[in-house]
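Peer 1: Okay, here's the structure, questions in a sec.
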Amino acid sequence: MKKVPLHTKIFIGLFLGVVVGLVFGPKARSIEFVGTIFIRLITMVVVPLVFFSLTLGTASLGDIKKLGRVGLKTFLYFTLTTAIAITIGLLAANLLQPGAGLNEQVKQELFKNYQQAARSKVAVVQEKPSLISVLVNIVPTNPIKAMAEGEMLQVIFLALIFGLCLSLITPEKSKPILNFFDGINETVLQVVNLVMKFAPYGVLALLASIIGQFGLGILLTLLKYALVTILGLTFHALVVDGLLVRFLGGLKPGRFFKGTSDAMLIAFSTSSSNATIPVALECLDQLKVKKEYSSFVVPLGATINMDGTALYQGVAAVFIAQIYGIPLSLTAQATIVLMAILASIGTAGVPGAGTIMLAMVLKQIGIPLEGVALILGVDRLLDMCRTTVNMIGNMAASVVIHRSEEKNPPG
């Protein structure tokens, strides 16, 4: 087994997790702690890795003009791909009508089982701060507190400021600090390598617990909705991201997807963009994407770029509207696109964040927020799928930004 590639071991873990979940049912939750330990181990290094790698990446860009140029390119790329993703979701939902044919009895059963969970999601949205507050809160009053609490936007802001200032002072003074930061960064990456040896077992436990808890029955009930969402996500990942990597990044899609397979499997099994950051950076390093770009793009993307989540919101919003019999005008659907882009900024890259974003979108276009209960039954599975697409988008962005700055593809 020592000669078996890591991604193969993780895939075996995924398969065995499904088998264990189906065989043992709810009892499979008894091994969930193994998966929880794995997530905690990999999440443990996220804040230091993001801070030190992003600081180094920003400092290595050299000057304010280059930082501004790379930052603007990254932001425009994220905005464009998010808009494309949600448009695909809306088109798929309007064409395939996933909400058609769900009878009243099934609808009432879904409400009964998931109404309480939906209320908790709605409560979070009711307390959601305004966009102005989000922008103000990006600037931390206490850097140590921001790191301790894992406030990723604040950590990113700190890293950008530190990196920028390191590039402004003289090389004689900045070099010792950069060498120290580089040493810490390499140490953190070594921790990631050790943790990843535990990945197949963590993945097995996580998936077994999910399948054992929810089973496949609810998936059959919402099969059409789930399939439309997964179809849209697959199209965006393989076609949209594949074409962008090929024509804007100069990298063959096959090589890209093979090289990033470890990160995709971790994203799928953990449903956490933040937990996938260390693995994504390692994958991009192996693809010869310069760290000064990947360490800037990936942590930022894990916080503000959510292609998969945006696409899911488009399908889910139309699905819930169809269930309620509420027609969505072009204006309402344009509002969904805008809201999904805005809601992506500052939403935590953790499991379940997409559902809160969806509730925000539903509130804006006048669909009852309780409709979230209709899709919670398969949300955990779809969360795994959309997180994978989110991270594929971030890694694809790194390849594209590398090519745009270096004029040559990675490698």
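Each chain in the structure tokens gets a letter, A, B and so on, in the order shown; residues start at 1 in every chain, and ligands are counted from 1 in the order they appear.
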Give me the range 161-259 of chain A side of the contact with range 380-396 of chain A, cut-off 9 Å, one line per residue showing its nearest atom pair and distance in Å at one decimal, counting only C-alpha atoms, sorted by chain and residue number, as a Markdown table.
Peer 2:
| residue | atom | partner | partner_atom | distance |
| --- | --- | --- | --- | --- |
| A:Ile210 | CA | A:Arg380 | CA | 7.8 |
| A:Leu219 | CA | A:Leu381 | CA | 8.9 |
| A:Ala226 | CA | A:Leu382 | CA | 7.2 |
| A:Thr229 | CA | A:Leu382 | CA | 7.7 |
| A:Ile230 | CA | A:Cys385 | CA | 7.1 |
| A:Leu233 | CA | A:Val389 | CA | 6.7 |
| A:Thr234 | CA | A:Val389 | CA | 8.0 |
| A:His236 | CA | A:Val389 | CA | 7.8 |
| A:Ala237 | CA | A:Val389 | CA | 5.9 |
| A:Asp241 | CA | A:Ala396 | CA | 6.4 |
| A:Gly242 | CA | A:Ala396 | CA | 8.1 |
| A:Leu244 | CA | A:Ala396 | CA | 7.4 |
| A:Val245 | CA | A:Ala396 | CA | 5.9 |
| A:Gly249 | CA | A:Ala396 | CA | 7.8 |
| A:Phe256 | CA | A:Ala396 | CA | 8.1 |
| A:Phe257 | CA | A:Ile392 | CA | 8.4 |
Peer 1: Skipping near chain neighbours, those fewer than 4 positions away, what residues fall within 12 Å of Glu292 in chain A using only C-alpha atoms, listed as number ranges by chain?
Peer 2: A: 52-62, 66-67, 70-71, 163, 281, 284-285, 288, 296-299, 398-399, 401-402, 405-406
Peer 1: Create the file for the chosen residues now, containing C-alpha atoms and written as a compact mmCIF listing (two decimals), in the first residue's frame.
Peer 2:
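Resulting contents of result25.txt:
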# COMPACT_ATOMS: atom_id res chain seq x y z
CA PHE A 52 2.48 33.04 6.24
CA SER A 53 1.97 31.82 2.66
CA LEU A 54 -0.12 34.88 1.71
CA THR A 55 2.39 37.23 3.39
CA LEU A 56 5.24 35.59 1.45
CA GLY A 57 3.22 35.61 -1.77
CA THR A 58 2.35 39.30 -1.41
CA ALA A 59 5.94 40.27 -0.52
CA SER A 60 7.33 38.27 -3.45
CA LEU A 61 5.14 40.18 -5.91
CA GLY A 62 7.67 42.94 -5.43
CA LYS A 66 2.02 44.27 -9.36
CA LEU A 67 0.02 43.49 -6.23
CA VAL A 70 -2.81 40.65 -9.61
CA GLY A 71 -5.50 41.55 -7.07
CA GLY A 163 3.40 41.36 2.82
CA LEU A 281 -1.40 24.71 -2.44
CA LEU A 284 -0.51 23.64 -7.43
CA ASP A 285 3.14 23.54 -6.35
CA LYS A 288 4.68 24.33 -11.09
CA PHE A 296 -2.41 34.75 -2.97
CA VAL A 297 -5.29 33.35 -5.03
CA VAL A 298 -6.27 30.15 -3.16
CA PRO A 299 -6.75 31.56 0.38
CA SER A 398 -4.23 30.26 -9.83
CA VAL A 399 -3.21 28.68 -13.14
CA ILE A 401 -3.24 34.26 -13.01
CA HIS A 402 0.18 32.57 -13.29
CA GLU A 405 1.65 37.37 -15.28
CA GLU A 406 4.43 35.07 -16.50
Peer 1: Determine, counting only C-alpha atoms, which protein, DNA and RNA residues have an atom within 9 Å of an atom of Val139 in chain A; residues of the same chain fewer than 5 positions away are not included. Present the result as a VMD selection string.
Peer 2: chain A and resid 153 to 154 157 to 158
Peer 1: Between A:Ile10, A:Val18, A:Val289, A:Val337, which has the minimum distance to Ile211 in chain A (counting only C-alpha atoms)?
Peer 2: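 Closest to Ile211 in chain A of all the choices is A:Val18.
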Peer 1: Please report, as JSON, numbers by chain, each residue of range 145-253 of chain A to which DSSP assigns alpha helix (DSSP H) when run on this structure's backbone.
Peer 2: {"A": [145, 146, 147, 148, 152, 153, 154, 155, 156, 157, 158, 159, 160, 161, 162, 163, 164, 165, 166, 167, 168, 171, 172, 173, 174, 175, 176, 177, 178, 179, 180, 181, 182, 183, 184, 185, 186, 187, 188, 189, 190, 191, 192, 193, 194, 195, 196, 199, 200, 201, 202, 203, 204, 205, 206, 207, 208, 209, 210, 211, 212, 213, 214, 217, 218, 219, 220, 221, 223, 224, 225, 226, 227, 228, 229, 230, 231, 232, 233, 234, 235, 242, 243, 244, 245, 246, 247, 253]}
Peer 1: How many Å lie between CA of Ala359 in chain A and CA of Thr74 in chain A, rounded to one decimal?
Peer 2: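 CA of Ala359 in chain A sits 27.0 Å away from CA of Thr74 in chain A.
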Peer 1: Do you know which residues are at most 8 Å from range 38-51 of chain A counting only C-alpha atoms, after dropping those on the same chain fewer than 3 positions away, and could you put them as an MDAnalysis selection string?
Peer 2: chainID A and resid 34:35 54:55 147 150 152 155:156 158:159 185 188:189 191:192 195 198:199 202 270 274:275 277:278 295 299
Peer 1: Given the selection you just returned, output its residues as a file containing N, CA and C atoms, formatted as a compact mmCIF listing (two decimals), in the first residue's frame.
Peer 2:
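Below is the file that was written, again-v8.txt:
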# COMPACT_ATOMS: atom_id res chain seq x y z
N VAL A 34 -13.39 9.83 14.16
CA VAL A 34 -12.14 9.70 13.40
C VAL A 34 -12.08 10.79 12.33
N GLY A 35 -13.20 10.99 11.63
CA GLY A 35 -13.27 12.05 10.63
C GLY A 35 -13.16 13.43 11.25
N LEU A 54 0.40 33.68 2.38
CA LEU A 54 -0.12 34.88 1.71
C LEU A 54 0.81 36.07 1.93
N THR A 55 1.41 36.17 3.12
CA THR A 55 2.39 37.23 3.39
C THR A 55 3.58 37.08 2.45
N MET A 147 -6.84 35.83 14.43
CA MET A 147 -6.23 34.54 14.13
C MET A 147 -6.79 33.44 15.02
N GLY A 150 -10.17 32.46 13.83
CA GLY A 150 -10.23 32.01 12.45
C GLY A 150 -11.05 32.90 11.54
N MET A 152 -11.27 34.57 8.60
CA MET A 152 -10.38 34.45 7.44
C MET A 152 -10.20 35.76 6.68
N VAL A 155 -7.71 37.73 8.62
CA VAL A 155 -6.38 37.14 8.49
C VAL A 155 -5.78 37.48 7.13
N ILE A 156 -6.61 37.39 6.08
CA ILE A 156 -6.15 37.74 4.73
C ILE A 156 -5.74 39.20 4.66
N LEU A 158 -4.68 41.10 7.12
CA LEU A 158 -3.41 41.22 7.86
C LEU A 158 -2.23 40.77 7.00
N ALA A 159 -2.39 39.61 6.35
CA ALA A 159 -1.31 39.06 5.54
C ALA A 159 -0.97 39.99 4.37
N ASN A 185 6.51 28.51 7.16
CA ASN A 185 5.60 28.04 6.12
C ASN A 185 5.95 26.62 5.69
N VAL A 188 4.85 24.21 8.41
CA VAL A 188 3.41 23.98 8.37
C VAL A 188 3.05 23.02 7.24
N LEU A 189 3.69 23.18 6.08
CA LEU A 189 3.43 22.28 4.95
C LEU A 189 3.85 20.85 5.29
N VAL A 191 3.69 19.58 8.28
CA VAL A 191 2.59 19.10 9.13
C VAL A 191 1.45 18.60 8.25
N VAL A 192 1.15 19.34 7.19
CA VAL A 192 0.09 18.94 6.26
C VAL A 192 0.40 17.58 5.66
N VAL A 195 -0.38 14.95 8.20
CA VAL A 195 -1.83 14.82 8.41
C VAL A 195 -2.48 14.07 7.25
N PHE A 198 -3.22 10.43 7.15
CA PHE A 198 -4.40 10.01 7.91
C PHE A 198 -5.69 10.20 7.10
N ALA A 199 -5.57 10.87 5.94
CA ALA A 199 -6.74 11.26 5.15
C ALA A 199 -7.66 10.10 4.76
N GLY A 202 -9.84 9.23 7.71
CA GLY A 202 -10.77 10.32 8.03
C GLY A 202 -11.90 10.40 7.04
N THR A 270 -14.58 16.59 3.08
CA THR A 270 -14.69 17.46 4.25
C THR A 270 -15.75 18.54 4.10
N ASN A 274 -11.81 25.87 3.48
CA ASN A 274 -10.67 26.24 4.33
C ASN A 274 -9.78 25.04 4.63
N ALA A 275 -10.40 23.90 4.93
CA ALA A 275 -9.62 22.70 5.25
C ALA A 275 -8.86 22.19 4.04
N ILE A 277 -7.38 24.17 1.72
CA ILE A 277 -6.35 25.12 1.30
C ILE A 277 -4.95 24.51 1.30
N PRO A 278 -4.51 23.87 2.40
CA PRO A 278 -3.14 23.33 2.41
C PRO A 278 -2.89 22.32 1.29
N SER A 295 -0.41 31.18 -3.49
CA SER A 295 -0.59 31.53 -2.09
C SER A 295 -1.40 32.81 -1.92
N PRO A 299 -6.12 31.14 -0.88
CA PRO A 299 -6.75 31.56 0.38
C PRO A 299 -7.84 32.61 0.18
Peer 1: Could you check the closest approach to Leu91 in chain A for each of A:Ala397, A:Val361, A:Leu330, A:Leu243 and tell me which residue wins, using only C-alpha atoms?
Peer 2: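 Residue with the minimum atom-to-atom distance to Leu91 in chain A: A:Leu330.
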Peer 1: Closest to Gln97 in chain A among A:Leu358, A:Val400, A:Leu22, A:Ala316, using only C-alpha atoms?
Peer 2: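 Residue with the minimum atom-to-atom distance to Gln97 in chain A: A:Ala316.
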Peer 1: Which neighbours of Pro327 in chain A fall inside 12 Å, counting only C-alpha atoms, when residues of the same chain fewer than 6 positions from it are skipped, and could you give them as a PyMOL selection string?
Peer 2: chain A and resi 94+99+317-321+333+365-367
Peer 1: Include C-alpha atoms and write out the residues we just selected as a short mmCIF file (atom, residue, chain, number, x, y, z; two decimals), in the first residue's frame.
Peer 2:
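File written: selection15.cif
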data_model
loop_
_atom_site.label_atom_id
_atom_site.label_comp_id
_atom_site.auth_asym_id
_atom_site.auth_seq_id
_atom_site.Cartn_x
_atom_site.Cartn_y
_atom_site.Cartn_z
CA ASN A 94 -35.51 26.51 -15.87
CA GLY A 99 -39.59 21.24 -8.85
CA ALA A 317 -33.94 29.06 -5.65
CA VAL A 318 -35.79 28.07 -8.84
CA PHE A 319 -36.62 24.63 -7.38
CA ILE A 320 -38.17 26.13 -4.23
CA ALA A 321 -40.04 28.74 -6.29
CA GLN A 333 -33.44 35.89 -11.70
CA ILE A 365 -36.53 37.78 -4.07
CA GLY A 366 -39.54 37.21 -1.80
CA ILE A 367 -39.61 33.41 -1.55
#
Peer 1: Taking only C-alpha atoms into account, which of A:His7, A:Arg29, A:Arg403, A:Lys197 comes nearest Gly212 in chain A?
Peer 2: A:Arg29
